[in-house]
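Asker: This is the structure I have questions about; it appears just below.
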Amino acid sequence: MALLTWQEKYSVGIKEIDNQHKQLIDMINELNDAMLAKRGKEVLMSVLNKLAAYCVTHFTNEEKMMSTHDYPDFAEHKEKHNKMTAKVKSLIVDVQNGKLTVSIDVMNFLKDWLDKHIMGTDKKYAPYMHSKGVK
Ligand SMILES: [Fe+2]
Ligand SMILES: [Fe+2]
């Protein structure tokens with residue numbers, strides 16, 4: 001069962017961004033399924049690495065959009081992306097070293113972060129971007 005399901009409430013009204021958020025949701029679900037199926041570390045690492053790489057791709061995209069349109073809260077938003085990138089990198093190192101396993105707690109952390117980030121931080125730029133003609 002999916003840990004996280006796309007819902008209309010997540011839409012920021014920008015097609016490309018919504019699609020990227022859907023991809024992130026898919027990857028979180030893929031990792032959750034791999035954890036529940038008790039897949040080995042190799043598989044978990046590969047899904048986790050894919051998720052981390054896609055986070056960077058997505059964050060870079062959003063940051064480009066925000067900077068292109070002089071979004072006033074750009075720096076604050078970017079800082080949140082940076083913190084998450086660092087956190088995911090440290091998760092990867094810990095899993096690799098055997099200090100941490102991908103658990104329900106880890107999955108809930110990822111799920112809650114994405115939910116809160118989209119609903120709180122990403123949603124904040126929506127009206128501004130729309131006013132700049134981004135959709
Ligand atoms: Fe964001
Ligand atoms: Fe986002």
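Residues are referred to by chain and number: the chain letter is A, B, ... according to the order shown in the structure tokens, the number counts from 1 in that chain, and ligands are numbered separately from 1 in the order shown.
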Within 7 Å of ligand 1, counting only C-alpha atoms and all ligand atoms, which protein or nucleic acid residues do you find, written as a list of chain:residue names?
Answerer: A:Phe59, A:Glu62, A:His77, A:His81, A:His117, A:Ile118, A:Thr121, A:Asp122
Asker: Determine, using only C-alpha atoms, which residues of stretch 94-122 of chain A have any atom at most 12 Å from an atom of stretch 4-28 of chain A, and tabulate each with its shortest atom pair and distance in Å to one decimal place, rows ordered by chain and then rising number, as JSON lines.
Answerer:
{"residue": "A:Val102", "atom": "CA", "partner": "A:Ile28", "partner_atom": "CA", "distance": 11.5}
{"residue": "A:Ile104", "atom": "CA", "partner": "A:Ile28", "partner_atom": "CA", "distance": 11.8}
{"residue": "A:Val106", "atom": "CA", "partner": "A:Ile28", "partner_atom": "CA", "distance": 10.5}
{"residue": "A:Met107", "atom": "CA", "partner": "A:Ile28", "partner_atom": "CA", "distance": 7.5}
{"residue": "A:Asn108", "atom": "CA", "partner": "A:Leu4", "partner_atom": "CA", "distance": 9.7}
{"residue": "A:Phe109", "atom": "CA", "partner": "A:Ile28", "partner_atom": "CA", "distance": 10.5}
{"residue": "A:Leu110", "atom": "CA", "partner": "A:Ile28", "partner_atom": "CA", "distance": 7.3}
{"residue": "A:Lys111", "atom": "CA", "partner": "A:Leu4", "partner_atom": "CA", "distance": 6.7}
{"residue": "A:Asp112", "atom": "CA", "partner": "A:Leu4", "partner_atom": "CA", "distance": 9.3}
{"residue": "A:Trp113", "atom": "CA", "partner": "A:Ile28", "partner_atom": "CA", "distance": 11.1}
{"residue": "A:Leu114", "atom": "CA", "partner": "A:Ile25", "partner_atom": "CA", "distance": 8.1}
{"residue": "A:Asp115", "atom": "CA", "partner": "A:Tyr10", "partner_atom": "CA", "distance": 8.0}
{"residue": "A:Lys116", "atom": "CA", "partner": "A:Tyr10", "partner_atom": "CA", "distance": 10.0}
{"residue": "A:His117", "atom": "CA", "partner": "A:Tyr10", "partner_atom": "CA", "distance": 10.0}
{"residue": "A:Ile118", "atom": "CA", "partner": "A:Tyr10", "partner_atom": "CA", "distance": 6.5}
{"residue": "A:Met119", "atom": "CA", "partner": "A:Tyr10", "partner_atom": "CA", "distance": 6.4}
{"residue": "A:Gly120", "atom": "CA", "partner": "A:Tyr10", "partner_atom": "CA", "distance": 10.0}
{"residue": "A:Thr121", "atom": "CA", "partner": "A:Val12", "partner_atom": "CA", "distance": 10.5}
{"residue": "A:Asp122", "atom": "CA", "partner": "A:Val12", "partner_atom": "CA", "distance": 7.2}
Asker: Export N, CA and C atoms of the chosen residues as a PDB file, in the first residue's frame?
Answerer:
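Below you can see part14.pdb, which holds the result:
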ATOM      1  N   VAL A 102      16.624   1.399   7.023  1.00  0.00           N
ATOM      2  CA  VAL A 102      15.438   2.110   6.562  1.00  0.00           C
ATOM      3  C   VAL A 102      14.253   1.517   7.336  1.00  0.00           C
ATOM      4  N   ILE A 104      10.315   2.271   9.623  1.00  0.00           N
ATOM      5  CA  ILE A 104       9.052   3.016   9.565  1.00  0.00           C
ATOM      6  C   ILE A 104       9.286   4.472   9.982  1.00  0.00           C
ATOM      7  N   VAL A 106      12.047   6.230   9.612  1.00  0.00           N
ATOM      8  CA  VAL A 106      12.714   6.930   8.508  1.00  0.00           C
ATOM      9  C   VAL A 106      11.683   7.277   7.435  1.00  0.00           C
ATOM     10  N   MET A 107      10.828   6.307   7.112  1.00  0.00           N
ATOM     11  CA  MET A 107       9.804   6.530   6.089  1.00  0.00           C
ATOM     12  C   MET A 107       8.839   7.641   6.495  1.00  0.00           C
ATOM     13  N   ASN A 108       8.453   7.630   7.788  1.00  0.00           N
ATOM     14  CA  ASN A 108       7.540   8.679   8.253  1.00  0.00           C
ATOM     15  C   ASN A 108       8.196  10.052   8.204  1.00  0.00           C
ATOM     16  N   PHE A 109       9.482  10.078   8.496  1.00  0.00           N
ATOM     17  CA  PHE A 109      10.206  11.343   8.406  1.00  0.00           C
ATOM     18  C   PHE A 109      10.158  11.881   6.965  1.00  0.00           C
ATOM     19  N   LEU A 110      10.461  11.016   5.994  1.00  0.00           N
ATOM     20  CA  LEU A 110      10.468  11.433   4.585  1.00  0.00           C
ATOM     21  C   LEU A 110       9.078  11.883   4.141  1.00  0.00           C
ATOM     22  N   LYS A 111       8.088  11.084   4.509  1.00  0.00           N
ATOM     23  CA  LYS A 111       6.700  11.386   4.140  1.00  0.00           C
ATOM     24  C   LYS A 111       6.256  12.718   4.741  1.00  0.00           C
ATOM     25  N   ASP A 112       6.495  12.884   6.046  1.00  0.00           N
ATOM     26  CA  ASP A 112       6.057  14.112   6.728  1.00  0.00           C
ATOM     27  C   ASP A 112       6.787  15.327   6.185  1.00  0.00           C
ATOM     28  N   TRP A 113       8.092  15.138   5.891  1.00  0.00           N
ATOM     29  CA  TRP A 113       8.847  16.281   5.358  1.00  0.00           C
ATOM     30  C   TRP A 113       8.232  16.735   4.037  1.00  0.00           C
ATOM     31  N   LEU A 114       8.007  15.788   3.136  1.00  0.00           N
ATOM     32  CA  LEU A 114       7.480  16.158   1.814  1.00  0.00           C
ATOM     33  C   LEU A 114       6.092  16.790   1.934  1.00  0.00           C
ATOM     34  N   ASP A 115       5.245  16.184   2.739  1.00  0.00           N
ATOM     35  CA  ASP A 115       3.895  16.706   2.950  1.00  0.00           C
ATOM     36  C   ASP A 115       3.954  18.147   3.462  1.00  0.00           C
ATOM     37  N   LYS A 116       4.743  18.359   4.509  1.00  0.00           N
ATOM     38  CA  LYS A 116       4.820  19.697   5.117  1.00  0.00           C
ATOM     39  C   LYS A 116       5.489  20.695   4.189  1.00  0.00           C
ATOM     40  N   HIS A 117       6.509  20.228   3.473  1.00  0.00           N
ATOM     41  CA  HIS A 117       7.230  21.151   2.587  1.00  0.00           C
ATOM     42  C   HIS A 117       6.324  21.612   1.437  1.00  0.00           C
ATOM     43  N   ILE A 118       5.623  20.673   0.838  1.00  0.00           N
ATOM     44  CA  ILE A 118       4.724  21.061  -0.260  1.00  0.00           C
ATOM     45  C   ILE A 118       3.615  21.956   0.269  1.00  0.00           C
ATOM     46  N   MET A 119       2.965  21.508   1.339  1.00  0.00           N
ATOM     47  CA  MET A 119       1.798  22.224   1.848  1.00  0.00           C
ATOM     48  C   MET A 119       2.141  23.585   2.463  1.00  0.00           C
ATOM     49  N   GLY A 120       3.325  23.686   3.067  1.00  0.00           N
ATOM     50  CA  GLY A 120       3.703  24.935   3.714  1.00  0.00           C
ATOM     51  C   GLY A 120       4.584  25.800   2.834  1.00  0.00           C
ATOM     52  N   THR A 121       5.769  25.282   2.529  1.00  0.00           N
ATOM     53  CA  THR A 121       6.799  26.096   1.876  1.00  0.00           C
ATOM     54  C   THR A 121       6.558  26.275   0.371  1.00  0.00           C
ATOM     55  N   ASP A 122       6.282  25.171  -0.338  1.00  0.00           N
ATOM     56  CA  ASP A 122       6.083  25.290  -1.791  1.00  0.00           C
ATOM     57  C   ASP A 122       4.797  26.057  -2.121  1.00  0.00           C
TER      58      ASP A 122
END
Asker: Residues near stretch 45-55 of chain A, anyone? I mean within 8 Å using only C-alpha atoms, not counting same-chain ones fewer than 5 positions away, as a count of residues only.
Answerer: 11
Asker: Choose the residue, out of A:Leu36, A:Met66, A:Ala2, A:Ala86, that has the smallest atom-to-atom separation from A:His130; count only C-alpha atoms.
Answerer: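 Answer, going by the shortest atom-to-atom distance: A:Met66.
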Asker: If you count only C-alpha atoms, which residues fall within 10 Å of A:Lys78, apart from same-chain ones fewer than 4 positions away, as a list of chain:residue names?
Answerer: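 Residues near the query, excluding close chain neighbours: A:Phe59, A:Thr60, A:Glu62, A:Glu63, A:Met66, A:Asp73, A:Phe74, A:Asn82, A:Lys83, A:Met84.
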Asker: By how many Å are atom CA of A:Asp70 and atom CA of A:Thr57 apart?
Answerer: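 Here the two named atoms are 19.9 Å from each other.
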Asker: Go ahead and compute the interatomic distance for atom CA of A:Met129 and atom CA of A:Met65, in Å to one decimal.
Answerer: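 We find that atom CA of A:Met129 and atom CA of A:Met65 lie 8.5 Å from each other.
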Asker: Which residue, A:Lys124, A:Asp33, A:Asn97, A:Lys87, has the smallest gap to ligand 2 when you use only C-alpha atoms and all ligand atoms?
Answerer: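 Of A:Lys124, A:Asp33, A:Asn97, A:Lys87, the one nearest ligand 2 is A:Lys124, counting only C-alpha atoms and all ligand atoms.
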Asker: To one decimal place in Å, what is the distance between atom CA of A:His58 and atom CA of A:Arg39?
Answerer: 26.5 Å
Asker: For ligand 2, which residue out of A:Ser103, A:Asn61, A:Ser131, A:Thr68 is the nearest one, using only C-alpha atoms and all ligand atoms?
Answerer: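 Ranking A:Ser103, A:Asn61, A:Ser131, A:Thr68 by distance to ligand 2, first place goes to A:Asn61.
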Asker: When you look at A:Leu3 with a cut-off of 7 Å (counting only C-alpha atoms), what residues show up, excluding the ones that are within fewer than 2 positions of it in the same chain? I need them as a PDB file with N, CA and C atoms, in the first residue's frame.
Answerer:
ATOM      1  N   MET A   1       0.830  -1.213   0.000  1.00  0.00           N
ATOM      2  CA  MET A   1       0.000   0.000   0.000  1.00  0.00           C
ATOM      3  C   MET A   1       0.865   1.264   0.000  1.00  0.00           C
ATOM      4  N   THR A   5      -0.072   9.331  -0.969  1.00  0.00           N
ATOM      5  CA  THR A   5      -0.831   9.363  -2.214  1.00  0.00           C
ATOM      6  C   THR A   5      -0.992  10.805  -2.666  1.00  0.00           C
ATOM      7  N   ASN A  29       7.247   5.999  -2.007  1.00  0.00           N
ATOM      8  CA  ASN A  29       6.463   4.755  -1.959  1.00  0.00           C
ATOM      9  C   ASN A  29       7.295   3.548  -2.368  1.00  0.00           C
ATOM     10  N   ASN A  32       9.418   2.682   0.532  1.00  0.00           N
ATOM     11  CA  ASN A  32       8.587   2.072   1.572  1.00  0.00           C
ATOM     12  C   ASN A  32       8.262   0.608   1.234  1.00  0.00           C
TER      13      ASN A  32
END
Asker: Just checking: using only C-alpha atoms and all ligand atoms, which residue out of A:Leu44, A:Asp105, A:Lys99, A:Ala126 ends up closest to ligand 2?
Answerer: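 Ranking A:Leu44, A:Asp105, A:Lys99, A:Ala126 by distance to ligand 2, first place goes to A:Ala126.
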